[in-house]
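*Asks:* As input, take start_22.cif (mmCIF, C-alpha atoms and all ligand atoms):
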```
data_data
#
loop_
_atom_site.label_atom_id
_atom_site.label_comp_id
_atom_site.auth_asym_id
_atom_site.auth_seq_id
_atom_site.Cartn_x
_atom_site.Cartn_y
_atom_site.Cartn_z
CA MET K 1 68.07 104.21 81.29
CA ARG K 2 70.92 106.21 79.77
CA THR K 3 73.51 104.44 77.71
CA PHE K 4 77.04 105.08 76.47
CA ILE K 5 77.40 108.18 78.65
CA PRO K 6 80.56 110.22 79.37
CA PHE K 7 82.69 109.10 82.30
CA GLU K 8 82.11 112.34 84.26
CA GLU K 9 78.33 111.89 84.02
CA ALA K 10 78.62 108.26 85.10
CA LEU K 11 80.72 109.14 88.14
CA GLU K 12 78.41 111.98 89.16
CA THR K 13 75.40 109.66 88.88
CA VAL K 14 77.00 106.95 91.04
CA LEU K 15 78.08 109.41 93.74
CA SER K 16 74.68 111.08 93.86
CA PHE K 17 73.29 107.85 95.36
CA ALA K 18 75.80 107.67 98.22
CA ARG K 19 73.69 107.50 101.38
CA PRO K 20 75.66 107.86 104.63
CA THR K 21 75.98 104.75 106.76
CA PRO K 22 74.82 104.96 110.40
CA ILE K 23 77.03 106.23 113.21
CA GLU K 24 78.36 103.71 115.73
CA LYS K 25 80.65 103.83 118.77
CA MET K 26 83.95 102.06 118.26
CA PRO K 27 86.53 101.28 120.98
CA LEU K 28 89.54 103.53 120.35
CA SER K 29 91.83 100.52 120.07
CA MET K 30 89.78 99.31 117.05
CA ALA K 31 89.30 102.68 115.37
CA LEU K 32 92.29 102.71 113.01
CA GLY K 33 91.16 103.22 109.40
CA HIS K 34 87.62 104.20 110.39
CA THR K 35 86.08 107.59 109.61
CA LEU K 36 85.17 110.05 112.34
CA ALA K 37 81.42 110.63 112.24
CA GLU K 38 81.45 113.74 114.43
CA GLY K 39 83.84 116.61 115.00
CA VAL K 40 85.95 116.44 118.15
CA VAL K 41 86.18 119.43 120.53
CA ALA K 42 88.81 119.36 123.28
CA ARG K 43 87.20 119.17 126.73
CA GLU K 44 90.54 119.98 128.43
CA ASP K 45 93.75 121.82 127.74
CA ILE K 46 96.54 119.70 126.27
CA PRO K 47 98.86 119.53 128.11
CA PRO K 48 96.52 119.96 131.06
CA PHE K 49 99.18 121.58 133.34
CA ALA K 50 102.54 123.32 132.94
CA SER K 51 105.41 120.85 133.25
CA SER K 52 109.16 120.54 132.92
CA ALA K 53 110.62 119.67 129.51
CA MET K 54 113.91 118.47 131.07
CA ASP K 55 115.31 116.62 134.07
CA GLY K 56 116.83 119.48 136.08
CA PHE K 57 116.04 122.26 138.54
CA ALA K 58 113.06 124.61 138.66
CA VAL K 59 114.43 128.07 139.44
CA ARG K 60 113.41 131.74 139.69
CA SER K 61 115.36 133.57 136.99
CA GLU K 62 115.23 136.82 139.07
CA ASP K 63 117.52 135.08 141.65
CA PHE K 64 120.40 135.27 139.15
CA VAL K 65 120.16 138.98 138.33
CA GLY K 66 123.53 140.47 139.26
CA ASP K 67 124.70 137.12 140.69
CA PRO K 68 124.97 134.56 137.85
CA THR K 69 126.90 131.91 139.82
CA ARG K 70 124.72 132.04 142.92
CA SER K 71 123.97 128.78 144.71
CA LEU K 72 120.40 127.84 145.61
CA ARG K 73 118.89 125.72 148.37
CA ILE K 74 117.08 122.56 147.23
CA THR K 75 113.70 122.53 149.00
CA ALA K 76 111.67 120.00 146.99
CA HIS K 77 111.86 116.98 144.72
CA ILE K 78 109.13 116.81 142.06
CA PRO K 79 108.79 113.55 140.12
CA ALA K 80 106.47 113.00 137.12
CA GLY K 81 103.02 112.24 138.46
CA ALA K 82 103.44 114.36 141.62
CA ALA K 83 99.98 115.44 142.70
CA GLU K 84 100.70 117.95 145.52
CA PRO K 85 101.42 121.62 144.65
CA PHE K 86 104.93 123.00 145.25
CA PHE K 87 106.18 126.55 145.69
CA VAL K 88 109.76 127.69 145.07
CA GLU K 89 110.74 130.50 147.48
CA PRO K 90 113.35 133.15 146.53
CA GLY K 91 116.86 131.68 146.78
CA CYS K 92 115.50 128.13 146.51
CA THR K 93 115.08 125.50 143.80
CA ALA K 94 113.22 122.21 143.27
CA VAL K 95 114.70 119.12 141.66
CA ILE K 96 112.26 118.35 138.83
CA MET K 97 111.84 115.49 136.35
CA THR K 98 110.66 115.65 132.73
CA GLY K 99 106.86 115.79 132.65
CA ALA K 100 106.54 116.73 136.34
CA PRO K 101 104.11 119.57 137.20
CA PHE K 102 105.93 122.88 137.21
CA PRO K 103 105.95 124.54 140.67
CA ASP K 104 104.60 128.01 141.41
CA GLY K 105 107.22 130.68 142.09
CA ALA K 106 109.71 129.26 139.57
CA ASP K 107 109.81 130.38 135.92
CA ALA K 108 112.57 128.30 134.25
CA VAL K 109 114.31 124.94 134.31
CA ILE K 110 118.08 124.51 134.31
CA PRO K 111 118.94 121.07 132.89
CA VAL K 112 120.82 118.72 135.21
CA GLU K 113 123.72 118.75 132.71
CA ARG K 114 124.39 122.41 133.66
CA VAL K 115 125.04 121.78 137.35
CA GLN K 116 128.35 123.36 138.40
CA ASN K 117 128.44 122.07 141.95
CA ARG K 118 126.03 120.13 144.15
CA GLU K 119 126.68 119.49 147.83
CA GLY K 120 124.05 118.54 150.39
CA ASP K 121 121.04 120.78 149.76
CA ARG K 122 123.06 123.43 147.85
CA VAL K 123 123.42 123.61 144.08
CA SER K 124 125.01 126.07 141.61
CA PHE K 125 124.98 126.17 137.81
CA ASN K 126 127.15 127.15 134.84
CA LEU K 127 124.14 128.66 133.05
CA VAL K 128 122.01 131.74 133.65
CA PRO K 129 118.33 130.79 133.16
CA VAL K 130 116.05 132.58 130.74
CA PRO K 131 112.42 132.94 131.89
CA GLY K 132 110.20 130.24 130.36
CA ARG K 133 113.13 128.07 129.23
CA HIS K 134 112.38 124.30 129.31
CA VAL K 135 108.91 124.90 130.73
CA ARG K 136 106.01 123.48 128.78
CA PRO K 137 103.00 125.76 129.31
CA ALA K 138 99.53 124.32 129.81
CA ALA K 139 97.42 124.27 126.60
CA GLU K 140 100.52 124.64 124.42
CA ASP K 141 99.25 121.93 122.04
CA VAL K 142 95.45 122.24 122.25
CA GLU K 143 93.19 124.68 124.08
CA ARG K 144 90.04 123.59 125.81
CA GLY K 145 87.07 124.23 123.49
CA GLN K 146 89.22 124.01 120.36
CA GLN K 147 87.89 121.95 117.44
CA VAL K 148 90.64 119.37 116.95
CA PHE K 149 89.07 117.12 114.28
CA ASP K 150 86.26 117.54 111.81
CA ALA K 151 83.65 114.92 110.99
CA GLY K 152 84.82 112.89 108.02
CA GLU K 153 88.48 112.66 108.95
CA LEU K 154 90.19 109.33 108.46
CA ILE K 155 91.55 107.89 111.71
CA THR K 156 95.28 107.43 111.18
CA PRO K 157 97.79 106.28 113.82
CA ALA K 158 98.45 109.99 114.54
CA THR K 159 94.71 110.77 114.86
CA LEU K 160 94.42 107.82 117.19
CA GLY K 161 97.18 109.15 119.44
CA MET K 162 95.49 112.55 119.68
CA LEU K 163 92.07 110.99 120.35
CA ALA K 164 93.67 109.00 123.17
CA THR K 165 95.20 112.21 124.61
CA LEU K 166 91.82 113.92 124.43
CA GLY K 167 90.10 110.98 126.14
CA VAL K 168 87.82 110.15 123.20
CA ASP K 169 87.10 106.45 123.76
CA PRO K 170 84.86 105.05 122.38
CA VAL K 171 84.97 107.01 119.12
CA PRO K 172 81.93 107.91 116.98
CA VAL K 173 82.60 106.46 113.52
CA ARG K 174 80.58 105.71 110.40
CA ARG K 175 79.77 102.05 110.08
CA PRO K 176 81.88 100.70 107.21
CA PRO K 177 79.58 100.08 104.22
CA ARG K 178 78.79 96.38 103.85
CA VAL K 179 79.63 95.42 100.29
CA ARG K 180 78.69 92.14 98.60
CA ILE K 181 81.08 91.07 95.87
CA ILE K 182 79.48 88.60 93.45
CA SER K 183 81.64 87.16 90.67
CA THR K 184 79.68 85.66 87.81
CA GLY K 185 80.87 83.17 85.23
CA ASP K 186 80.63 79.46 84.43
CA GLU K 187 84.36 79.44 83.75
CA ILE K 188 85.39 80.80 87.16
CA VAL K 189 86.93 78.53 89.82
CA GLU K 190 88.32 79.47 93.20
CA PRO K 191 92.03 80.36 93.38
CA SER K 192 92.97 77.24 95.36
CA ARG K 193 91.54 74.97 92.63
CA GLN K 194 93.32 73.64 89.55
CA PRO K 195 91.30 74.85 86.55
CA VAL K 196 90.53 72.33 83.81
CA ARG K 197 90.55 73.39 80.16
CA GLY K 198 88.20 76.32 79.63
CA GLN K 199 88.25 77.41 83.27
CA ILE K 200 90.16 80.28 84.87
CA ARG K 201 90.75 81.21 88.46
CA ASN K 202 88.66 83.91 90.08
CA ALA K 203 90.87 87.00 90.19
CA ASN K 204 88.17 89.64 90.64
CA GLY K 205 86.50 88.21 93.74
CA PRO K 206 89.59 88.33 95.96
CA ALA K 207 90.88 91.56 94.40
CA LEU K 208 87.57 93.41 94.77
CA CYS K 209 87.14 92.22 98.36
CA ALA K 210 90.61 93.55 99.16
CA GLN K 211 89.81 96.82 97.40
CA VAL K 212 86.62 97.18 99.46
CA ARG K 213 88.50 96.63 102.70
CA SER K 214 91.28 99.02 101.74
CA ALA K 215 88.61 101.62 100.89
CA GLY K 216 87.09 101.44 104.37
CA GLY K 217 84.22 99.11 103.53
CA GLN K 218 83.53 95.63 104.87
CA CYS K 219 83.34 92.53 102.72
CA PRO K 220 82.94 89.23 104.53
CA GLY K 221 84.15 87.29 101.47
CA HIS K 222 83.36 87.05 97.78
CA GLU K 223 80.48 85.04 96.35
CA HIS K 224 80.12 83.27 93.03
CA ALA K 225 77.13 82.81 90.72
CA PHE K 226 76.97 80.71 87.55
CA ASP K 227 75.81 82.29 84.30
CA SER K 228 72.09 81.68 84.55
CA GLU K 229 69.28 83.96 85.61
CA ALA K 230 68.22 81.42 88.23
CA ALA K 231 71.70 81.16 89.73
CA ILE K 232 72.15 84.93 89.95
CA ARG K 233 68.68 85.39 91.45
CA GLU K 234 69.30 82.61 93.96
CA CYS K 235 72.62 84.19 94.95
CA LEU K 236 70.97 87.59 95.45
CA PHE K 237 68.21 86.15 97.65
CA SER K 238 70.51 84.01 99.76
CA GLY K 239 73.09 86.62 100.73
CA ALA K 240 73.46 88.76 103.80
CA GLU K 241 72.15 92.31 104.03
CA ALA K 242 74.39 94.87 102.35
CA ASP K 243 74.68 98.58 101.59
CA LEU K 244 76.15 98.06 98.14
CA LEU K 245 76.16 95.26 95.57
CA VAL K 246 79.10 94.82 93.22
CA PHE K 247 78.99 92.25 90.43
CA SER K 248 81.89 91.26 88.27
CA GLY K 249 81.17 89.91 84.81
CA GLY K 250 77.88 89.22 83.09
CA VAL K 251 77.08 92.80 82.13
CA SER K 252 78.21 92.83 78.50
CA MET K 253 76.32 91.92 75.33
CA GLY K 254 77.01 88.16 75.40
CA ASP K 255 74.33 85.46 75.37
CA HIS K 256 75.30 84.57 78.92
CA ASP K 257 75.35 88.06 80.43
CA HIS K 258 72.30 87.99 82.69
CA VAL K 259 73.05 90.38 85.55
CA ARG K 260 71.12 93.38 84.23
CA GLN K 261 68.06 91.32 83.30
CA VAL K 262 67.93 89.64 86.71
CA LEU K 263 68.20 92.94 88.58
CA GLU K 264 65.47 94.48 86.45
CA SER K 265 63.23 91.43 86.87
CA MET K 266 63.59 91.87 90.63
CA GLY K 267 62.40 95.47 90.45
CA GLY K 268 65.85 97.04 90.12
CA VAL K 269 66.16 100.27 88.16
CA LEU K 270 69.13 100.61 85.84
CA HIS K 271 70.39 104.21 85.73
CA PHE K 272 73.02 103.71 83.09
CA TRP K 273 74.71 101.00 81.12
CA GLN K 274 77.89 101.52 79.08
CA VAL K 275 80.27 104.41 79.62
CA ARG K 276 82.53 106.14 77.10
CA GLN K 277 85.67 104.81 78.71
CA ARG K 278 88.44 102.26 78.29
CA PRO K 279 88.70 99.92 80.03
CA GLY K 280 85.29 99.22 81.47
CA LYS K 281 82.86 100.27 78.74
CA PRO K 282 80.04 97.82 79.74
CA LEU K 283 79.79 99.24 83.30
CA ALA K 284 76.22 99.18 84.65
CA PHE K 285 74.76 101.09 87.59
CA GLY K 286 71.37 101.19 89.24
CA LEU K 287 69.31 100.74 92.38
CA LEU K 288 67.66 97.60 93.76
CA GLY K 289 65.22 99.15 96.20
CA ASP K 290 67.44 101.76 97.82
CA GLN K 291 70.56 99.61 97.48
CA PRO K 292 72.97 100.80 94.79
CA PHE K 293 74.47 98.14 92.54
CA LEU K 294 77.33 98.23 90.08
CA GLY K 295 77.95 95.66 87.39
CA LEU K 296 81.66 95.73 86.61
CA PRO K 297 82.91 94.14 83.40
CA GLY K 298 84.60 90.79 84.09
CA ASN K 299 87.99 91.46 82.58
CA PRO K 300 90.25 91.78 85.62
CA VAL K 301 91.76 95.10 84.50
CA SER K 302 88.30 96.60 83.86
CA SER K 303 87.08 95.33 87.20
CA ALA K 304 90.06 96.77 89.09
CA MET K 305 89.92 100.15 87.30
CA CYS K 306 86.14 100.53 87.61
CA PHE K 307 86.50 99.88 91.31
CA GLU K 308 89.13 102.59 91.69
CA ILE K 309 87.26 105.12 89.56
CA TYR K 310 83.70 104.52 90.82
CA VAL K 311 83.42 102.22 93.84
CA ARG K 312 86.23 103.58 96.02
CA PRO K 313 84.87 107.16 95.89
CA LEU K 314 81.34 105.83 96.38
CA ILE K 315 82.41 104.11 99.61
CA ALA K 316 84.22 107.30 100.70
CA HIS K 317 81.06 109.33 100.06
CA MET K 318 78.97 106.79 102.04
CA LEU K 319 81.45 107.28 104.90
CA ARG K 320 81.13 111.06 104.41
CA ARG K 321 84.91 111.29 104.21
CA LEU K 322 86.25 114.85 104.08
CA THR K 323 88.37 114.02 101.03
CA PRO K 324 86.29 111.38 99.27
CA ASP K 325 87.78 111.74 95.80
CA ALA K 326 91.21 110.79 94.54
CA GLY K 327 93.36 113.86 94.16
CA LEU K 328 94.55 114.42 90.60
CA LEU K 329 98.15 115.46 90.00
CA SER K 330 99.64 117.03 86.90
CA ALA K 331 102.44 115.02 85.36
CA ARG K 332 104.50 115.23 82.18
CA LEU K 333 103.74 112.36 79.80
CA ASP K 334 106.77 110.28 78.92
CA ARG K 335 105.79 109.18 75.44
CA THR K 336 103.12 109.91 72.86
CA MET K 337 99.96 107.87 73.30
CA ASP K 338 97.34 107.20 70.64
CA LYS K 339 93.77 106.48 71.59
CA VAL K 340 90.28 106.10 70.26
CA PRO K 341 88.54 109.49 70.31
CA ASP K 342 85.34 109.82 72.33
CA LEU K 343 86.56 107.41 75.00
CA HIS K 344 88.15 108.51 78.30
CA TYR K 345 91.17 106.27 78.99
CA PHE K 346 92.29 104.99 82.37
CA THR K 347 95.80 104.01 81.38
CA ARG K 348 97.77 102.10 83.99
CA GLY K 349 100.92 104.05 84.60
CA THR K 350 104.08 104.54 86.56
CA ALA K 351 104.70 108.00 87.98
CA TRP K 352 108.05 109.14 89.24
CA ILE K 353 109.97 112.30 90.06
CA ASP K 354 112.85 112.89 87.70
CA GLY K 355 116.24 114.41 88.49
CA ASP K 356 114.84 117.94 88.01
CA GLY K 357 112.04 117.34 90.50
CA MET K 358 109.44 117.08 87.71
CA LEU K 359 106.57 114.58 88.13
CA ARG K 360 106.51 112.32 85.11
CA ALA K 361 104.31 109.43 84.04
CA GLY K 362 104.47 106.63 81.50
CA ASP K 363 102.32 103.60 80.81
CA THR K 364 103.03 100.13 82.18
CA GLY K 365 103.23 98.43 78.79
CA PRO K 366 100.52 96.53 76.89
CA GLN K 367 97.12 97.79 78.06
CA GLY K 368 94.72 94.97 77.08
CA SER K 369 91.88 94.74 79.60
CA ASN K 370 92.77 91.08 80.20
CA LEU K 371 96.42 91.88 81.01
CA TYR K 372 96.49 92.06 84.77
CA GLY K 373 100.23 92.72 84.76
CA SER K 374 99.44 96.26 83.59
CA VAL K 375 97.71 96.85 86.95
CA VAL K 376 100.29 95.04 89.04
CA ARG K 377 103.12 97.19 87.65
CA ALA K 378 101.18 100.46 88.04
CA ASN K 379 101.39 103.06 90.79
CA CYS K 380 98.90 105.42 89.12
CA ILE K 381 96.08 105.77 86.63
CA ILE K 382 96.80 108.19 83.79
CA HIS K 383 93.64 109.98 82.64
CA LEU K 384 93.61 110.52 78.87
CA PRO K 385 90.64 112.78 78.06
CA SER K 386 87.94 111.61 75.72
CA ASP K 387 88.05 114.41 73.15
CA VAL K 388 91.55 113.73 71.81
CA GLU K 389 93.03 111.12 69.50
CA ARG K 390 96.64 111.50 70.53
CA VAL K 391 98.41 112.83 73.62
CA LEU K 392 101.92 114.00 72.84
CA ALA K 393 105.05 113.15 74.77
CA GLY K 394 105.93 116.09 77.02
CA SER K 395 102.36 117.29 77.41
CA THR K 396 100.69 117.58 80.82
CA VAL K 397 98.25 114.86 81.86
CA LEU K 398 96.25 114.27 85.02
CA ILE K 399 97.16 111.22 87.05
CA GLN K 400 95.55 109.58 90.04
CA MET K 401 97.85 107.70 92.40
CA LEU K 402 96.71 104.19 93.29
CA PRO K 403 96.03 104.24 97.02
CA TRP K 404 98.32 101.28 97.71
CA ALA K 405 101.25 102.68 95.74
CA THR K 406 103.76 105.42 96.45
CA LEU K 407 105.74 107.75 94.23
CA SER K 408 108.68 105.42 93.81
CA GLY K 409 109.86 102.81 91.37
CA ALA K 410 111.15 105.27 88.81
CA PRO K 411 111.73 103.40 85.57
CA ASP K 412 115.17 104.92 85.06
CA THR K 413 115.72 108.32 86.61
CA GLY K 414 113.81 108.21 89.88
CA VAL K 415 114.91 109.62 93.19
CA ASN K 416 114.30 106.37 95.03
CA PRO K 417 116.62 103.39 94.66
P1 LIG D 1 82.37 88.99 81.12
O1 LIG D 1 82.32 90.43 81.54
O2 LIG D 1 81.59 88.11 82.04
O3 LIG D 1 81.99 88.84 79.69
O4 LIG D 1 83.88 88.55 81.24
C1 LIG D 1 84.87 89.14 80.47
C2 LIG D 1 86.17 88.38 80.59
O5 LIG D 1 86.62 88.46 81.94
C3 LIG D 1 86.10 86.92 80.25
O6 LIG D 1 87.28 86.56 79.58
C4 LIG D 1 86.01 86.25 81.60
O7 LIG D 1 86.49 84.93 81.59
C5 LIG D 1 86.86 87.14 82.44
N1 LIG D 1 86.43 87.12 83.84
C6 LIG D 1 85.16 87.27 84.26
N2 LIG D 1 85.08 87.19 85.59
C7 LIG D 1 86.35 86.97 86.02
C8 LIG D 1 86.93 86.80 87.31
N3 LIG D 1 86.19 86.84 88.42
N4 LIG D 1 88.25 86.60 87.40
C9 LIG D 1 89.02 86.57 86.27
N5 LIG D 1 88.53 86.74 85.04
C10 LIG D 1 87.21 86.93 84.90
MG MG D 2 80.99 86.21 82.05
#
```
Could you render the structure as structure tokens?
Ligand code: AMP
Ligand code: MG
*Replies:*
Amino acid sequence: MRTFIPFEEALETVLSFARPTPIEKMPLSMALGHTLAEGVVAREDIPPFASSAMDGFAVRSEDFVGDPTRSLRITAHIPAGAAEPFFVEPGCTAVIMTGAPFPDGADAVIPVERVQNREGDRVSFNLVPVPGRHVRPAAEDVERGQQVFDAGELITPATLGMLATLGVDPVPVRRPPRVRIISTGDEIVEPSRQPVRGQIRNANGPALCAQVRSAGGQCPGHEHAFDSEAAIRECLFSGAEADLLVFSGGVSMGDHDHVRQVLESMGGVLHFWQVRQRPGKPLAFGLLGDQPFLGLPGNPVSSAMCFEIYVRPLIAHMLRRLTPDAGLLSARLDRTMDKVPDLHYFTRGTAWIDGDGMLRAGDTGPQGSNLYGSVVRANCIIHLPSDVERVLAGSTVLIQMLPWATLSGAPDTGVNP
């Protein structure tokens, strides 16, 4: 087992064990937030036929050459959904509705607003048509045989609309990784309970479950184990099958930190313990059989940050997402920050765009790993590299937006109210 390793090495190790989850068919109506498991090729043109973009008249533009005010004879009425083919003869026109199939013979639509005079079956216009105007050609959006989506794309509301148009229902998706969240600690009580002296409410269980779900994994609910080897073992044996095990607490150096020992006694292999980072130094990672496990430190800030840095990308890699890693942005640091050298810092921050359009970032105040408010106030994680002791105000740092936050909430000079 390696110990006290750099953050980059720890992350690479964790991600190298991301096995893809199986592919399953999901009804389109349930597919939001899932990950496409296969690329999608259009089997038809979209739109499948040429149609009118306006309510109006399908005309032959050649009819108006040398006679711009000419009146035409109405020979057809084409509503949306009309199945039979129509043909517009010279000197004739068809009344046509938006979305109705465009008739042969015609080459333009004059909107109904441009009618000059309409009497019986005769109509004239105050507009000379241009060929192709207000006609939507077939295949304008997507051509048959075109690759519309790649495997690994996240299904957004927009993706869902296009999949519906293409007739992809059900949809091949990766099964969301099943993640067990096990909070350890004799002092932990459920949030609905009134703690007695010495007890605290379980923050990590609910938060980690929510993080799993927001990352595209499934977590039926958090579990709790008391601080004894027997209790942790019992919890591990009794639970449902999972693709990933995440513990909170019980991985430090204390007399009551038993998680690592229990996993090893059950045949688990620890790949690393302790990372050169703050918060979250006691992080542990290994495999129990072929099931990866992470032991996150119990402090709520460490637990939340270790999830964002390690577990969220792990889930994304298991889903074979196209963009599995958080994008890093360059921002200008708002004030000088001192740090312990040799540790990579995940400082909870606020990022905003200043009046000059510059992305800036500052911390959210006191950064103790027990101070959950520092996470609640944050919209980003500021990465402070391990090799420096001080990062000066005005220098460029890398930040990672928190997936549930947006670039708003400027402390003083932001663009958003
Ligand atoms: P541990 O990593 O078990 O030594 O815990 C470190 C600190 O985090 C202790 O102060 C614990 O009381 C606290 N802690 C552990 N688990 C949780 C939890 N699920 N919710 C809130 N605080 C916790
Ligand atoms: Mg503990």
*Asks:* Considering only C-alpha atoms, return as a list in words whatever protein or nucleic-acid residues lie within 7 Å of range 240-246 of chain K, sequence-local ones (same chain, fewer than 6 positions apart) excluded.
*Replies:*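 So, after excluding close chain neighbours, the residues are Pro177, Arg178, Val179, Arg180, Ile181, Ile182, Gln291, Pro292, Phe293, Leu294 and Gly295 of chain K.
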*Asks:* Near range 337-352 of chain K, counting only C-alpha atoms, which residues have an atom at most 7 Å away, once you skip same-chain residues fewer than 3 positions from it, shown as a PDB file with C-alpha atoms, in the coordinates of the input?
*Replies:*
```pdb
ATOM      1  CA  PHE K   7      82.690 109.100  82.300  1.00  0.00           C
ATOM      2  CA  ARG K 276      82.530 106.140  77.100  1.00  0.00           C
ATOM      3  CA  GLN K 277      85.670 104.810  78.710  1.00  0.00           C
ATOM      4  CA  ARG K 278      88.440 102.260  78.290  1.00  0.00           C
ATOM      5  CA  PRO K 279      88.700  99.920  80.030  1.00  0.00           C
ATOM      6  CA  LEU K 359     106.570 114.580  88.130  1.00  0.00           C
ATOM      7  CA  ARG K 360     106.510 112.320  85.110  1.00  0.00           C
ATOM      8  CA  ALA K 361     104.310 109.430  84.040  1.00  0.00           C
ATOM      9  CA  GLY K 362     104.470 106.630  81.500  1.00  0.00           C
ATOM     10  CA  ASP K 363     102.320 103.600  80.810  1.00  0.00           C
ATOM     11  CA  THR K 364     103.030 100.130  82.180  1.00  0.00           C
ATOM     12  CA  SER K 374      99.440  96.260  83.590  1.00  0.00           C
ATOM     13  CA  VAL K 375      97.710  96.850  86.950  1.00  0.00           C
ATOM     14  CA  ALA K 378     101.180 100.460  88.040  1.00  0.00           C
ATOM     15  CA  ASN K 379     101.390 103.060  90.790  1.00  0.00           C
ATOM     16  CA  CYS K 380      98.900 105.420  89.120  1.00  0.00           C
ATOM     17  CA  ILE K 381      96.080 105.770  86.630  1.00  0.00           C
ATOM     18  CA  ILE K 382      96.800 108.190  83.790  1.00  0.00           C
ATOM     19  CA  HIS K 383      93.640 109.980  82.640  1.00  0.00           C
ATOM     20  CA  LEU K 384      93.610 110.520  78.870  1.00  0.00           C
ATOM     21  CA  PRO K 385      90.640 112.780  78.060  1.00  0.00           C
ATOM     22  CA  SER K 386      87.940 111.610  75.720  1.00  0.00           C
ATOM     23  CA  ASP K 387      88.050 114.410  73.150  1.00  0.00           C
ATOM     24  CA  VAL K 388      91.550 113.730  71.810  1.00  0.00           C
ATOM     25  CA  GLU K 389      93.030 111.120  69.500  1.00  0.00           C
ATOM     26  CA  ARG K 390      96.640 111.500  70.530  1.00  0.00           C
ATOM     27  CA  VAL K 391      98.410 112.830  73.620  1.00  0.00           C
ATOM     28  CA  LEU K 392     101.920 114.000  72.840  1.00  0.00           C
ATOM     29  CA  LEU K 407     105.740 107.750  94.230  1.00  0.00           C
ATOM     30  CA  SER K 408     108.680 105.420  93.810  1.00  0.00           C
ATOM     31  CA  GLY K 409     109.860 102.810  91.370  1.00  0.00           C
ATOM     32  CA  ALA K 410     111.150 105.270  88.810  1.00  0.00           C
ATOM     33  CA  GLY K 414     113.810 108.210  89.880  1.00  0.00           C
TER      34      GLY K 414
END
```
*Asks:* Find the residue from K:Ala50, K:Met318, K:Gly267, K:Ala10 that sits nearest to Pro22 in chain K; use all atoms listed in the file when measuring.
*Replies:*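 Residue with the minimum atom-to-atom distance to Pro22 in chain K: K:Met318.
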*Asks:* Please measure the separation of CA of Ala139 in chain K and CA of Phe49 in chain K, giving the value in Å to one decimal.
*Replies:*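 Between CA of Ala139 in chain K and CA of Phe49 in chain K the gap is 7.5 Å.
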*Asks:* CA of Pro129 in chain K and CA of Val109 in chain K, how far apart in Å?
*Replies:*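 CA of Pro129 in chain K lies at a distance of 7.2 Å from CA of Val109 in chain K.
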*Asks:* Taking all atoms listed in the file and a cut-off of 10 Å, can you tell me which residues surround ligand LIG 1 (chain D), written as a VMD selection string?
*Replies:* chain K and resid 181 to 191 198 to 208 222 to 224 227 247 to 259 280 282 to 283 295 to 303 369 to 370 372
*Asks:* Selected residues, C-alpha atoms, written as a short mmCIF file (atom, residue, chain, number, x, y, z; two decimals), in the frame of the given file, please.
*Replies:*
```
data_model
loop_
_atom_site.label_atom_id
_atom_site.label_comp_id
_atom_site.auth_asym_id
_atom_site.auth_seq_id
_atom_site.Cartn_x
_atom_site.Cartn_y
_atom_site.Cartn_z
CA ILE K 181 81.08 91.07 95.87
CA ILE K 182 79.48 88.60 93.45
CA SER K 183 81.64 87.16 90.67
CA THR K 184 79.68 85.66 87.81
CA GLY K 185 80.87 83.17 85.23
CA ASP K 186 80.63 79.46 84.43
CA GLU K 187 84.36 79.44 83.75
CA ILE K 188 85.39 80.80 87.16
CA VAL K 189 86.93 78.53 89.82
CA GLU K 190 88.32 79.47 93.20
CA PRO K 191 92.03 80.36 93.38
CA GLY K 198 88.20 76.32 79.63
CA GLN K 199 88.25 77.41 83.27
CA ILE K 200 90.16 80.28 84.87
CA ARG K 201 90.75 81.21 88.46
CA ASN K 202 88.66 83.91 90.08
CA ALA K 203 90.87 87.00 90.19
CA ASN K 204 88.17 89.64 90.64
CA GLY K 205 86.50 88.21 93.74
CA PRO K 206 89.59 88.33 95.96
CA ALA K 207 90.88 91.56 94.40
CA LEU K 208 87.57 93.41 94.77
CA HIS K 222 83.36 87.05 97.78
CA GLU K 223 80.48 85.04 96.35
CA HIS K 224 80.12 83.27 93.03
CA ASP K 227 75.81 82.29 84.30
CA PHE K 247 78.99 92.25 90.43
CA SER K 248 81.89 91.26 88.27
CA GLY K 249 81.17 89.91 84.81
CA GLY K 250 77.88 89.22 83.09
CA VAL K 251 77.08 92.80 82.13
CA SER K 252 78.21 92.83 78.50
CA MET K 253 76.32 91.92 75.33
CA GLY K 254 77.01 88.16 75.40
CA ASP K 255 74.33 85.46 75.37
CA HIS K 256 75.30 84.57 78.92
CA ASP K 257 75.35 88.06 80.43
CA HIS K 258 72.30 87.99 82.69
CA VAL K 259 73.05 90.38 85.55
CA GLY K 280 85.29 99.22 81.47
CA PRO K 282 80.04 97.82 79.74
CA LEU K 283 79.79 99.24 83.30
CA GLY K 295 77.95 95.66 87.39
CA LEU K 296 81.66 95.73 86.61
CA PRO K 297 82.91 94.14 83.40
CA GLY K 298 84.60 90.79 84.09
CA ASN K 299 87.99 91.46 82.58
CA PRO K 300 90.25 91.78 85.62
CA VAL K 301 91.76 95.10 84.50
CA SER K 302 88.30 96.60 83.86
CA SER K 303 87.08 95.33 87.20
CA SER K 369 91.88 94.74 79.60
CA ASN K 370 92.77 91.08 80.20
CA TYR K 372 96.49 92.06 84.77
#
```
*Asks:* Counting only C-alpha atoms, note down every residue that has an atom within 10 Å of the point (112.1, 126.7, 129.1) (file coordinates), as number ranges by chain.
*Replies:* K: 51-54, 58, 107-111, 129-137
*Asks:* Looking at K:Pro170, K:Arg321, K:Thr396, K:Ser228, which one is nearest to ligand MG 2 (chain D), with distances taken over all atoms listed in the file?
*Replies:*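 Under the stated criterion, the closest residue is K:Ser228.
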